[in-house]
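Below: query_3.pdb (PDB, C-alpha atoms and all ligand atoms)
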ATOM      1  CA  MET A   1     164.865 166.260   9.306
ATOM      2  CA  SER A   2     164.294 162.535   8.981
ATOM      3  CA  LEU A   3     165.667 160.098  11.530
ATOM      4  CA  VAL A   4     168.741 158.007  10.919
ATOM      5  CA  ALA A   5     169.556 154.602  12.375
ATOM      6  CA  TYR A   6     172.840 152.749  12.494
ATOM      7  CA  VAL A   7     172.436 149.109  11.432
ATOM      8  CA  ASN A   8     175.392 146.782  10.939
ATOM      9  CA  ASN A   9     178.009 149.154   9.538
ATOM     10  CA  ARG A  10     175.616 151.561   7.822
ATOM     11  CA  PHE A  11     173.719 154.721   8.663
ATOM     12  CA  LEU A  12     170.306 154.541   6.995
ATOM     13  CA  PRO A  13     167.063 156.505   7.003
ATOM     14  CA  LEU A  14     164.968 154.976   9.789
ATOM     15  CA  GLU A  15     162.220 153.885   7.331
ATOM     16  CA  SER A  16     164.632 151.723   5.353
ATOM     17  CA  ALA A  17     166.711 150.433   8.278
ATOM     18  CA  THR A  18     165.920 146.721   8.655
ATOM     19  CA  VAL A  19     167.367 143.489   9.993
ATOM     20  CA  HIS A  20     167.133 139.982   8.543
ATOM     21  CA  ILE A  21     163.970 137.991   9.342
ATOM     22  CA  GLU A  22     166.189 135.255  10.734
ATOM     23  CA  ASP A  23     167.886 137.611  13.146
ATOM     24  CA  ARG A  24     167.965 135.852  16.510
ATOM     25  CA  GLY A  25     166.710 138.997  18.192
ATOM     26  CA  PHE A  26     163.456 138.514  16.282
ATOM     27  CA  GLN A  27     163.398 134.718  16.497
ATOM     28  CA  PHE A  28     164.511 134.195  20.107
ATOM     29  CA  ALA A  29     164.879 137.624  21.751
ATOM     30  CA  ASP A  30     168.526 136.547  21.803
ATOM     31  CA  GLY A  31     170.127 139.889  22.560
ATOM     32  CA  VAL A  32     170.731 142.731  24.968
ATOM     33  CA  TYR A  33     170.371 146.490  24.931
ATOM     34  CA  GLU A  34     171.205 149.798  26.570
ATOM     35  CA  VAL A  35     169.566 153.197  26.756
ATOM     36  CA  VAL A  36     171.717 156.220  27.420
ATOM     37  CA  ALA A  37     170.542 159.793  27.826
ATOM     38  CA  CYS A  38     172.239 162.655  26.056
ATOM     39  CA  ILE A  39     171.490 166.129  27.385
ATOM     40  CA  GLY A  40     172.691 169.077  25.366
ATOM     41  CA  GLY A  41     175.342 166.921  23.715
ATOM     42  CA  CYS A  42     176.601 165.388  26.985
ATOM     43  CA  PHE A  43     176.081 161.653  27.436
ATOM     44  CA  LEU A  44     175.242 160.825  31.044
ATOM     45  CA  ASP A  45     177.420 158.070  32.500
ATOM     46  CA  LEU A  46     178.165 156.633  29.051
ATOM     47  CA  ASP A  47     181.078 154.631  30.478
ATOM     48  CA  LEU A  48     178.762 152.939  33.009
ATOM     49  CA  HIS A  49     176.204 152.125  30.297
ATOM     50  CA  LEU A  50     178.943 150.647  28.098
ATOM     51  CA  ASP A  51     180.244 148.584  31.031
ATOM     52  CA  ARG A  52     176.742 147.238  31.669
ATOM     53  CA  LEU A  53     176.327 146.449  27.964
ATOM     54  CA  GLN A  54     179.596 144.551  28.025
ATOM     55  CA  ARG A  55     178.442 142.626  31.126
ATOM     56  CA  SER A  56     175.058 141.805  29.540
ATOM     57  CA  CYS A  57     176.806 140.612  26.360
ATOM     58  CA  SER A  58     179.247 138.381  28.205
ATOM     59  CA  ALA A  59     176.454 136.972  30.404
ATOM     60  CA  ILE A  60     174.796 135.553  27.278
ATOM     61  CA  GLY A  61     178.008 134.758  25.408
ATOM     62  CA  ILE A  62     177.954 137.437  22.696
ATOM     63  CA  ALA A  63     181.152 139.275  21.837
ATOM     64  CA  LEU A  64     180.772 143.041  21.361
ATOM     65  CA  PRO A  65     180.668 143.548  17.568
ATOM     66  CA  CYS A  66     183.375 146.239  17.785
ATOM     67  CA  SER A  67     185.740 147.828  20.290
ATOM     68  CA  GLY A  68     184.369 149.987  23.104
ATOM     69  CA  ASP A  69     185.957 153.095  21.517
ATOM     70  CA  LYS A  70     184.365 152.368  18.145
ATOM     71  CA  LEU A  71     181.006 151.750  19.790
ATOM     72  CA  GLU A  72     181.240 155.038  21.640
ATOM     73  CA  ALA A  73     182.090 156.848  18.382
ATOM     74  CA  LEU A  74     179.097 155.207  16.656
ATOM     75  CA  ILE A  75     176.787 156.235  19.503
ATOM     76  CA  ARG A  76     177.959 159.851  19.255
ATOM     77  CA  GLU A  77     177.671 159.807  15.468
ATOM     78  CA  THR A  78     174.120 158.401  15.590
ATOM     79  CA  TRP A  79     173.150 161.156  18.026
ATOM     80  CA  LYS A  80     174.725 163.782  15.725
ATOM     81  CA  ARG A  81     172.862 162.546  12.657
ATOM     82  CA  ASN A  82     169.509 162.916  14.408
ATOM     83  CA  PRO A  83     167.696 166.133  15.288
ATOM     84  CA  TYR A  84     167.433 165.823  19.096
ATOM     85  CA  THR A  85     169.849 167.673  21.373
ATOM     86  CA  ASP A  86     168.262 165.949  24.376
ATOM     87  CA  ALA A  87     168.032 162.352  23.272
ATOM     88  CA  MET A  88     167.766 158.776  24.432
ATOM     89  CA  VAL A  89     170.098 156.622  22.426
ATOM     90  CA  TYR A  90     169.210 152.925  22.162
ATOM     91  CA  ILE A  91     171.938 150.383  21.469
ATOM     92  CA  GLN A  92     170.704 146.893  20.669
ATOM     93  CA  ILE A  93     172.956 143.907  20.084
ATOM     94  CA  THR A  94     171.684 140.494  19.036
ATOM     95  CA  ARG A  95     173.597 137.314  18.350
ATOM     96  CA  GLY A  96     173.010 137.836  14.624
ATOM     97  CA  ALA A  97     171.094 136.156  11.785
ATOM     98  CA  ALA A  98     171.150 132.428  11.023
ATOM     99  CA  PRO A  99     168.726 129.621  10.068
ATOM    100  CA  ARG A 100     166.475 129.049  13.073
ATOM    101  CA  SER A 101     167.954 126.675  15.645
ATOM    102  CA  HIS A 102     167.977 127.123  19.399
ATOM    103  CA  LEU A 103     171.659 126.270  19.564
ATOM    104  CA  PRO A 104     173.571 129.166  18.014
ATOM    105  CA  SER A 105     176.539 128.465  15.764
ATOM    106  CA  GLU A 106     179.883 129.734  16.992
ATOM    107  CA  SER A 107     180.643 131.769  13.895
ATOM    108  CA  MET A 108     177.776 134.236  14.046
ATOM    109  CA  HIS A 109     178.297 137.929  13.579
ATOM    110  CA  PRO A 110     176.306 140.029  16.061
ATOM    111  CA  THR A 111     173.757 142.559  14.835
ATOM    112  CA  LEU A 112     174.269 146.111  16.130
ATOM    113  CA  ILE A 113     171.515 148.724  15.971
ATOM    114  CA  ILE A 114     171.710 152.287  17.305
ATOM    115  CA  THR A 115     168.875 154.817  17.233
ATOM    116  CA  SER A 116     168.456 158.271  18.754
ATOM    117  CA  ARG A 117     165.050 159.590  19.781
ATOM    118  CA  GLU A 118     163.854 162.623  21.661
ATOM    119  CA  LEU A 119     164.356 162.265  25.419
ATOM    120  CA  PRO A 120     160.887 162.246  26.974
ATOM    121  CA  LYS A 121     160.569 164.511  30.016
ATOM    122  CA  PRO A 122     158.062 163.874  32.799
ATOM    123  CA  GLY A 123     155.202 166.396  32.416
ATOM    124  CA  ASP A 124     154.472 169.085  35.024
ATOM    125  CA  GLU A 125     151.574 167.051  36.388
ATOM    126  CA  LYS A 126     153.871 164.097  37.153
ATOM    127  CA  LEU A 127     156.301 166.406  38.911
ATOM    128  CA  THR A 128     153.693 168.116  41.070
ATOM    129  CA  GLN A 129     151.431 165.139  41.746
ATOM    130  CA  GLY A 130     153.932 162.313  41.438
ATOM    131  CA  ALA A 131     153.660 159.113  39.441
ATOM    132  CA  SER A 132     151.295 156.248  40.204
ATOM    133  CA  GLY A 133     152.049 152.552  40.339
ATOM    134  CA  ILE A 134     150.439 149.165  40.642
ATOM    135  CA  THR A 135     151.985 146.003  42.055
ATOM    136  CA  LEU A 136     152.151 142.628  40.333
ATOM    137  CA  ARG A 137     153.557 139.302  41.456
ATOM    138  CA  ASP A 138     156.871 138.911  39.615
ATOM    139  CA  PHE A 139     156.479 136.505  36.692
ATOM    140  CA  ARG A 140     159.710 137.427  34.892
ATOM    141  CA  TRP A 141     162.715 135.193  34.348
ATOM    142  CA  LYS A 142     165.406 134.815  37.017
ATOM    143  CA  ARG A 143     168.164 136.839  35.354
ATOM    144  CA  CYS A 144     166.753 140.355  35.583
ATOM    145  CA  ASP A 145     170.319 141.584  36.153
ATOM    146  CA  ILE A 146     170.900 141.092  32.397
ATOM    147  CA  LYS A 147     169.491 143.914  30.271
ATOM    148  CA  SER A 148     167.852 141.503  27.850
ATOM    149  CA  ILE A 149     165.712 142.524  24.874
ATOM    150  CA  ALA A 150     163.205 139.827  26.006
ATOM    151  CA  LEU A 151     160.767 142.336  27.497
ATOM    152  CA  LEU A 152     157.425 140.564  27.159
ATOM    153  CA  ALA A 153     156.741 140.503  30.920
ATOM    154  CA  SER A 154     157.520 144.226  31.109
ATOM    155  CA  VAL A 155     155.202 144.897  28.171
ATOM    156  CA  MET A 156     152.425 142.982  29.930
ATOM    157  CA  GLY A 157     153.124 144.819  33.191
ATOM    158  CA  LYS A 158     152.973 148.209  31.481
ATOM    159  CA  GLN A 159     149.732 147.226  29.738
ATOM    160  CA  GLU A 160     148.188 146.276  33.071
ATOM    161  CA  ALA A 161     149.399 149.527  34.671
ATOM    162  CA  HIS A 162     147.889 151.474  31.764
ATOM    163  CA  ARG A 163     144.621 149.556  32.104
ATOM    164  CA  GLN A 164     144.497 150.631  35.750
ATOM    165  CA  ASP A 165     145.344 154.216  34.810
ATOM    166  CA  ALA A 166     148.786 154.020  36.444
ATOM    167  CA  ASP A 167     152.239 154.899  35.143
ATOM    168  CA  GLU A 168     154.273 151.868  36.149
ATOM    169  CA  ALA A 169     153.906 148.305  37.399
ATOM    170  CA  PHE A 170     156.215 147.245  40.233
ATOM    171  CA  TRP A 171     157.160 143.605  40.730
ATOM    172  CA  LEU A 172     156.721 141.894  44.123
ATOM    173  CA  ASP A 173     158.511 138.717  45.132
ATOM    174  CA  GLU A 174     156.685 135.805  46.823
ATOM    175  CA  ASP A 175     156.961 137.547  50.211
ATOM    176  CA  ASP A 176     155.668 140.907  48.924
ATOM    177  CA  HIS A 177     159.072 142.587  48.841
ATOM    178  CA  VAL A 178     159.136 145.320  46.207
ATOM    179  CA  LEU A 179     161.782 144.539  43.582
ATOM    180  CA  GLU A 180     161.665 147.097  40.761
ATOM    181  CA  GLY A 181     159.380 148.412  38.034
ATOM    182  CA  CYS A 182     158.975 147.248  34.436
ATOM    183  CA  SER A 183     161.519 149.849  33.303
ATOM    184  CA  THR A 184     162.503 151.563  36.562
ATOM    185  CA  ASN A 185     164.086 150.910  39.952
ATOM    186  CA  ILE A 186     162.164 151.886  43.065
ATOM    187  CA  PHE A 187     163.157 153.343  46.441
ATOM    188  CA  ALA A 188     161.215 153.996  49.642
ATOM    189  CA  VAL A 189     161.928 156.284  52.570
ATOM    190  CA  ILE A 190     161.487 154.156  55.677
ATOM    191  CA  ASP A 191     162.184 155.660  59.078
ATOM    192  CA  GLY A 192     164.182 158.403  57.353
ATOM    193  CA  THR A 193     166.417 155.937  55.472
ATOM    194  CA  LEU A 194     166.384 155.636  51.686
ATOM    195  CA  VAL A 195     165.801 151.939  51.030
ATOM    196  CA  THR A 196     165.994 149.908  47.830
ATOM    197  CA  HIS A 197     166.171 146.207  47.008
ATOM    198  CA  PRO A 198     169.775 144.938  46.927
ATOM    199  CA  LEU A 199     171.343 144.081  43.577
ATOM    200  CA  ASP A 200     170.748 140.441  42.726
ATOM    201  CA  HIS A 201     169.187 138.365  39.923
ATOM    202  CA  GLN A 202     165.759 139.942  40.574
ATOM    203  CA  VAL A 203     166.651 143.530  39.670
ATOM    204  CA  LEU A 204     168.556 145.403  37.011
ATOM    205  CA  GLY A 205     171.470 147.437  38.345
ATOM    206  CA  GLY A 206     170.118 150.787  37.164
ATOM    207  CA  ILE A 207     172.662 153.468  36.359
ATOM    208  CA  THR A 208     170.261 156.074  37.794
ATOM    209  CA  ARG A 209     169.760 153.894  40.890
ATOM    210  CA  ARG A 210     173.502 153.994  41.465
ATOM    211  CA  MET A 211     173.580 157.772  40.889
ATOM    212  CA  LEU A 212     170.715 158.334  43.351
ATOM    213  CA  ILE A 213     172.461 156.297  46.044
ATOM    214  CA  ARG A 214     175.618 158.372  45.610
ATOM    215  CA  ILE A 215     173.745 161.678  45.621
ATOM    216  CA  ALA A 216     171.738 160.689  48.716
ATOM    217  CA  ARG A 217     174.838 159.626  50.651
ATOM    218  CA  ASP A 218     176.631 162.854  49.662
ATOM    219  CA  ALA A 219     173.616 164.770  51.018
ATOM    220  CA  GLY A 220     173.898 162.947  54.351
ATOM    221  CA  ILE A 221     170.866 160.714  53.781
ATOM    222  CA  GLU A 222     171.311 157.185  55.051
ATOM    223  CA  VAL A 223     170.874 154.505  52.365
ATOM    224  CA  ALA A 224     170.102 150.813  52.928
ATOM    225  CA  GLU A 225     170.031 148.172  50.194
ATOM    226  CA  ARG A 226     167.690 145.613  51.754
ATOM    227  CA  PRO A 227     164.406 143.880  50.915
ATOM    228  CA  TRP A 228     161.433 146.099  51.860
ATOM    229  CA  LYS A 229     157.648 146.072  51.758
ATOM    230  CA  LEU A 230     155.030 148.703  51.022
ATOM    231  CA  ALA A 231     153.296 147.750  54.280
ATOM    232  CA  GLU A 232     156.202 148.877  56.495
ATOM    233  CA  ALA A 233     154.704 151.137  59.164
ATOM    234  CA  THR A 234     157.232 153.966  58.903
ATOM    235  CA  LEU A 235     157.273 154.168  55.094
ATOM    236  CA  SER A 236     156.790 157.845  54.216
ATOM    237  CA  GLU A 237     157.712 158.132  50.500
ATOM    238  CA  CYS A 238     158.384 156.150  47.347
ATOM    239  CA  MET A 239     160.309 157.212  44.266
ATOM    240  CA  LEU A 240     161.375 155.594  41.004
ATOM    241  CA  THR A 241     164.570 156.034  39.005
ATOM    242  CA  SER A 242     165.467 155.508  35.355
ATOM    243  CA  THR A 243     167.537 157.065  32.601
ATOM    244  CA  THR A 244     164.454 158.688  31.092
ATOM    245  CA  ASN A 245     162.831 159.868  34.362
ATOM    246  CA  ALA A 246     165.866 160.666  36.530
ATOM    247  CA  VAL A 247     164.121 160.428  39.930
ATOM    248  CA  LEU A 248     160.365 160.803  40.238
ATOM    249  CA  PRO A 249     158.149 160.550  43.341
ATOM    250  CA  VAL A 250     155.589 157.728  43.298
ATOM    251  CA  CYS A 251     152.591 158.997  45.237
ATOM    252  CA  HIS A 252     149.903 156.387  44.589
ATOM    253  CA  MET A 253     150.153 152.619  44.639
ATOM    254  CA  ASP A 254     147.335 150.220  43.734
ATOM    255  CA  GLY A 255     144.889 153.131  43.857
ATOM    256  CA  SER A 256     145.824 154.246  47.403
ATOM    257  CA  PRO A 257     148.005 157.200  48.397
ATOM    258  CA  VAL A 258     151.566 156.469  49.497
ATOM    259  CA  ALA A 259     151.686 158.218  52.907
ATOM    260  CA  SER A 260     150.359 161.767  52.247
ATOM    261  CA  GLY A 261     149.791 161.058  48.536
ATOM    262  CA  ALA A 262     151.976 164.031  47.542
ATOM    263  CA  PRO A 263     155.688 164.275  46.611
ATOM    264  CA  GLY A 264     157.626 164.075  49.882
ATOM    265  CA  PRO A 265     160.606 166.157  51.019
ATOM    266  CA  VAL A 266     163.255 163.494  50.375
ATOM    267  CA  ALA A 267     162.146 162.794  46.790
ATOM    268  CA  THR A 268     161.861 166.514  46.127
ATOM    269  CA  GLN A 269     165.337 167.198  47.516
ATOM    270  CA  LEU A 270     166.878 164.278  45.643
ATOM    271  CA  ARG A 271     165.263 165.282  42.348
ATOM    272  CA  THR A 272     166.671 168.804  42.727
ATOM    273  CA  LEU A 273     170.127 167.421  43.553
ATOM    274  CA  MET A 274     170.030 164.970  40.655
ATOM    275  CA  LEU A 275     169.027 167.620  38.128
ATOM    276  CA  GLN A 276     171.826 169.833  39.488
ATOM    277  CA  ALA A 277     174.324 166.978  39.130
ATOM    278  CA  MET A 278     173.154 166.439  35.536
ATOM    279  CA  ASP A 279     173.515 170.149  34.811
ATOM    280  CA  GLU A 280     177.052 170.121  36.185
ATOM    281  CA  LEU A 281     177.875 167.131  33.998
ATOM    282  CA  ARG A 282     176.525 168.965  30.990
ATOM    283  CA  GLN A 283     178.643 172.018  31.688
ATOM    284  CA  SER A 284     181.828 170.050  32.430
TER
HETATM  285  C1  LIG B 301     163.825 146.489  34.602
HETATM  286  C2  LIG B 301     164.518 147.807  34.698
HETATM  287  N1  LIG B 301     164.916 148.239  35.905
HETATM  288  C3  LIG B 301     165.526 149.437  36.047
HETATM  289  C4  LIG B 301     165.756 150.262  34.964
HETATM  290  C5  LIG B 301     166.444 151.587  35.167
HETATM  291  O1  LIG B 301     167.770 151.521  34.710
HETATM  292  P1  LIG B 301     168.573 152.832  34.309
HETATM  293  O2  LIG B 301     168.593 153.722  35.494
HETATM  294  O3  LIG B 301     169.932 152.329  33.958
HETATM  295  O4  LIG B 301     167.852 153.462  33.151
HETATM  296  C6  LIG B 301     165.373 149.838  33.688
HETATM  297  C7  LIG B 301     165.644 150.677  32.512
HETATM  298  O5  LIG B 301     165.344 150.348  31.399
HETATM  299  C8  LIG B 301     164.740 148.582  33.548
HETATM  300  O6  LIG B 301     164.329 148.127  32.355
END
What's the structure tokens form of this structure?
Amino acid sequence: MSLVAYVNNRFLPLESATVHIEDRGFQFADGVYEVVACIGGCFLDLDLHLDRLQRSCSAIGIALPCSGDKLEALIRETWKRNPYTDAMVYIQITRGAAPRSHLPSESMHPTLIITSRELPKPGDEKLTQGASGITLRDFRWKRCDIKSIALLASVMGKQEAHRQDADEAFWLDEDDHVLEGCSTNIFAVIDGTLVTHPLDHQVLGGITRRMLIRIARDAGIEVAERPWKLAEATLSECMLTSTTNAVLPVCHMDGSPVASGAPGPVATQLRTLMLQAMDELRQS
């Protein structure tokens, strides 16, 4: 079965789905996006993803190209027309196509693209040995709270992580606080508390981050949203979160083990609880 993409009012075979060369997404990275996971036909936290998309659009002054209900219907339809039961659905919105000029005209019609691909699952090795990371000084822009399609810094970070045989690059601020990964949020267990950087312009408000915080609190684990460093003496675990990974222990950083170098009890417990919560969602 060939793949189908939704592009500006039409469902097309992926090979022939194109946008205009003067689309501002291509010319200026002038757009935003979302990724939502669908497991067995159930979209996880679709309402939260649509809210974030709406916030990203209004932050850069693009009106959603259709109503929220229509967008939701298009997302479901795109998923249906593709062969993956467990899928990651990408929604990309740009300001639209127009002769190249930094200043956009007011009358532009946004471009809307939706695709559905197989949801990648972390392999057994990642689950038993944990993921590995490197750290890089943050050289991204100062509005990381917007889910922008301008991902060049993340591409460079991932390339560097790959070069060093690691899975993810994590950004550090000027004082060595750990912010987030190229496409993930990151948590540490410090003195028994689950700690993650607070939401501000330096991190994306991950939907999985929010879910992990809720699940941890429900399980009686204390959570603190505060700046933190890898060098903190009582740090015993690290874990990353994202739509495509759920929660995954990070056991090596910059070539050295994080604490014992093996998935810790808190990450293991939280992964089990998160997968259970996802299962319940799927059955509801
Ligand atoms: C920079 C960044 N941080 C965090 C995340 C995780 O967000 P979510 O849990 O909503 O997938 C992503 C996901 O793409 C991301 O790009």
Output the neighbourhood of ligand LIG 301 (chain B) as a CSV table (one decimal) with C-alpha atoms, keeping the file's coordinate frame, that is, all protein and nucleic acid residues with some atom at most 10 Å from the ligand, counting only C-alpha atoms and all ligand atoms.
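Final file, part_0.csv:
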chain,number,residue,atom,x,y,z
A,33,TYR,CA,170.4,146.5,24.9
A,34,GLU,CA,171.2,149.8,26.6
A,35,VAL,CA,169.6,153.2,26.8
A,36,VAL,CA,171.7,156.2,27.4
A,37,ALA,CA,170.5,159.8,27.8
A,45,ASP,CA,177.4,158.1,32.5
A,48,LEU,CA,178.8,152.9,33.0
A,49,HIS,CA,176.2,152.1,30.3
A,52,ARG,CA,176.7,147.2,31.7
A,140,ARG,CA,159.7,137.4,34.9
A,144,CYS,CA,166.8,140.4,35.6
A,145,ASP,CA,170.3,141.6,36.2
A,146,ILE,CA,170.9,141.1,32.4
A,147,LYS,CA,169.5,143.9,30.3
A,148,SER,CA,167.9,141.5,27.8
A,149,ILE,CA,165.7,142.5,24.9
A,151,LEU,CA,160.8,142.3,27.5
A,153,ALA,CA,156.7,140.5,30.9
A,154,SER,CA,157.5,144.2,31.1
A,170,PHE,CA,156.2,147.2,40.2
A,171,TRP,CA,157.2,143.6,40.7
A,179,LEU,CA,161.8,144.5,43.6
A,180,GLU,CA,161.7,147.1,40.8
A,181,GLY,CA,159.4,148.4,38.0
A,182,CYS,CA,159.0,147.2,34.4
A,183,SER,CA,161.5,149.8,33.3
A,184,THR,CA,162.5,151.6,36.6
A,185,ASN,CA,164.1,150.9,40.0
A,186,ILE,CA,162.2,151.9,43.1
A,202,GLN,CA,165.8,139.9,40.6
A,203,VAL,CA,166.7,143.5,39.7
A,204,LEU,CA,168.6,145.4,37.0
A,205,GLY,CA,171.5,147.4,38.3
A,206,GLY,CA,170.1,150.8,37.2
A,207,ILE,CA,172.7,153.5,36.4
A,208,THR,CA,170.3,156.1,37.8
A,209,ARG,CA,169.8,153.9,40.9
A,210,ARG,CA,173.5,154.0,41.5
A,211,MET,CA,173.6,157.8,40.9
A,212,LEU,CA,170.7,158.3,43.4
A,240,LEU,CA,161.4,155.6,41.0
A,241,THR,CA,164.6,156.0,39.0
A,242,SER,CA,165.5,155.5,35.4
A,243,THR,CA,167.5,157.1,32.6
A,244,THR,CA,164.5,158.7,31.1
A,245,ASN,CA,162.8,159.9,34.4
A,246,ALA,CA,165.9,160.7,36.5
A,247,VAL,CA,164.1,160.4,39.9
| query | For A:Phe11, which residue out of A:Glu280, A:Ala29, A:Arg81, A:Thr196 is the nearest one, using all atoms listed in the file? | reply |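 The closest residue to A:Phe11 is A:Arg81.
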| field | Selection result for the PyMOL selection byres (((chain A and resi 174) around 12) and not hetatm) on this file, as an NGL selection string | value | :A and (136-139 or 171-173 or 175-179 or 202 or 227 or 229)
| query | For A:Ile114, which residue out of A:Glu77, A:Glu237, A:Glu15, A:Asp86 is the nearest one, using only C-alpha atoms? | reply | A:Glu77
| Residues within 12 Å of stretch 66-71 of chain A, only C-alpha atoms, excluding chain neighbours under 2 positions, as a PyMOL selection string | chain A and resi 6+8-9+46-54+62-64+73-78+91-93+109-114
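Nearest residue to A:Ala224 among A:Ala188, A:Ala259, A:Cys42, A:Met253 is A:Ala188, counting all atoms listed in the file.
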| Given only C-alpha atoms as the counted atoms, nearest of A:Arg226, A:His20, A:His252, A:His197 to A:Ala97 |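 Looking only at the distances to A:Ala97, the closest residue turns out to be A:His20.
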Residues returned when the PyMOL selection byres (((chain A and resi 83) around 9) and not hetatm) runs on this file, as a PDB file with C-alpha atoms, in the coordinates of the input:
ATOM      1  CA  MET A   1     164.865 166.260   9.306  1.00  0.00           C
ATOM      2  CA  SER A   2     164.294 162.535   8.981  1.00  0.00           C
ATOM      3  CA  LEU A   3     165.667 160.098  11.530  1.00  0.00           C
ATOM      4  CA  TRP A  79     173.150 161.156  18.026  1.00  0.00           C
ATOM      5  CA  LYS A  80     174.725 163.782  15.725  1.00  0.00           C
ATOM      6  CA  ARG A  81     172.862 162.546  12.657  1.00  0.00           C
ATOM      7  CA  ASN A  82     169.509 162.916  14.408  1.00  0.00           C
ATOM      8  CA  TYR A  84     167.433 165.823  19.096  1.00  0.00           C
ATOM      9  CA  THR A  85     169.849 167.673  21.373  1.00  0.00           C
ATOM     10  CA  ALA A  87     168.032 162.352  23.272  1.00  0.00           C
ATOM     11  CA  SER A 116     168.456 158.271  18.754  1.00  0.00           C
ATOM     12  CA  ARG A 117     165.050 159.590  19.781  1.00  0.00           C
ATOM     13  CA  GLU A 118     163.854 162.623  21.661  1.00  0.00           C
TER      14      GLU A 118
END
| request: I would like the residues chosen by the PyMOL selection byres (((chain A and resi 27) around 10) and not hetatm) on the shown file; could you give them as number ranges by chain? | output: A: 21-26, 28-30, 97-102
| Selection near A:Gln276, 12 Å with all atoms listed in the file, sequence-local residues under 6 positions removed, as a VMD selection string | chain A and resid 215 246 269 to 270 282 to 283
| What does the distance between atom CA of A:Pro65 and atom CA of A:Gly41 come to in Å, to one decimal place? |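 A separation of 24.7 Å between them.
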| query | Please, what distance in Å, to one decimal, runs between atom CA of A:Ala17 and atom CA of A:Leu103? | reply | 27.1 Å
| query | Could you state the separation of atom CA of A:Asp165 and atom CA of A:Ile134 in Å, given to one decimal place? | reply | 9.2 Å
| task | Return the single residue from A:Pro198, A:Gly220, A:Gly261, A:Gly96 that is closest to A:Thr128, with distances computed using all atoms listed in the file. | result |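 Closest residue, counting all atoms listed in the file: A:Gly261.
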| Distance criterion (all atoms listed in the file): nearest to A:Gly133 out of A:Leu194, A:Ala233, A:Val189, A:Val250 |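 Smallest distance to A:Gly133 is found for A:Val250.
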Output requested as an mmCIF file, in the frame of the given file - stretch 249-261 of chain A, filled out with N, CA and C atoms.
data_model
loop_
_atom_site.group_PDB
_atom_site.id
_atom_site.type_symbol
_atom_site.label_atom_id
_atom_site.label_comp_id
_atom_site.auth_asym_id
_atom_site.auth_seq_id
_atom_site.Cartn_x
_atom_site.Cartn_y
_atom_site.Cartn_z
ATOM 1 N N PRO A 249 158.920 161.097 42.217
ATOM 2 C CA PRO A 249 158.149 160.550 43.341
ATOM 3 C C PRO A 249 157.013 159.653 42.850
ATOM 4 N N VAL A 250 156.743 158.597 43.595
ATOM 5 C CA VAL A 250 155.589 157.728 43.298
ATOM 6 C C VAL A 250 154.612 157.942 44.443
ATOM 7 N N CYS A 251 153.473 158.539 44.158
ATOM 8 C CA CYS A 251 152.591 158.997 45.237
ATOM 9 C C CYS A 251 151.330 158.164 45.403
ATOM 10 N N HIS A 252 151.047 157.291 44.438
ATOM 11 C CA HIS A 252 149.903 156.387 44.589
ATOM 12 C C HIS A 252 150.324 154.986 44.186
ATOM 13 N N MET A 253 149.815 154.009 44.938
ATOM 14 C CA MET A 253 150.153 152.619 44.639
ATOM 15 C C MET A 253 148.881 151.790 44.779
ATOM 16 N N ASP A 254 148.547 151.047 43.749
ATOM 17 C CA ASP A 254 147.335 150.220 43.734
ATOM 18 C C ASP A 254 146.100 151.054 44.124
ATOM 19 N N GLY A 255 146.067 152.281 43.644
ATOM 20 C CA GLY A 255 144.889 153.131 43.857
ATOM 21 C C GLY A 255 144.851 153.847 45.197
ATOM 22 N N SER A 256 145.819 153.569 46.093
ATOM 23 C CA SER A 256 145.824 154.246 47.403
ATOM 24 C C SER A 256 147.010 155.193 47.488
ATOM 25 N N PRO A 257 146.871 156.293 48.268
ATOM 26 C CA PRO A 257 148.005 157.200 48.397
ATOM 27 C C PRO A 257 149.175 156.541 49.130
ATOM 28 N N VAL A 258 150.384 156.873 48.728
ATOM 29 C CA VAL A 258 151.566 156.469 49.497
ATOM 30 C C VAL A 258 151.762 157.577 50.541
ATOM 31 N N ALA A 259 151.638 157.223 51.798
ATOM 32 C CA ALA A 259 151.686 158.218 52.907
ATOM 33 C C ALA A 259 150.735 159.363 52.600
ATOM 34 N N SER A 260 151.255 160.610 52.434
ATOM 35 C CA SER A 260 150.359 161.767 52.247
ATOM 36 C C SER A 260 149.752 161.804 50.839
ATOM 37 N N GLY A 261 150.302 161.031 49.912
ATOM 38 C CA GLY A 261 149.791 161.058 48.536
ATOM 39 C C GLY A 261 150.345 162.217 47.721
#
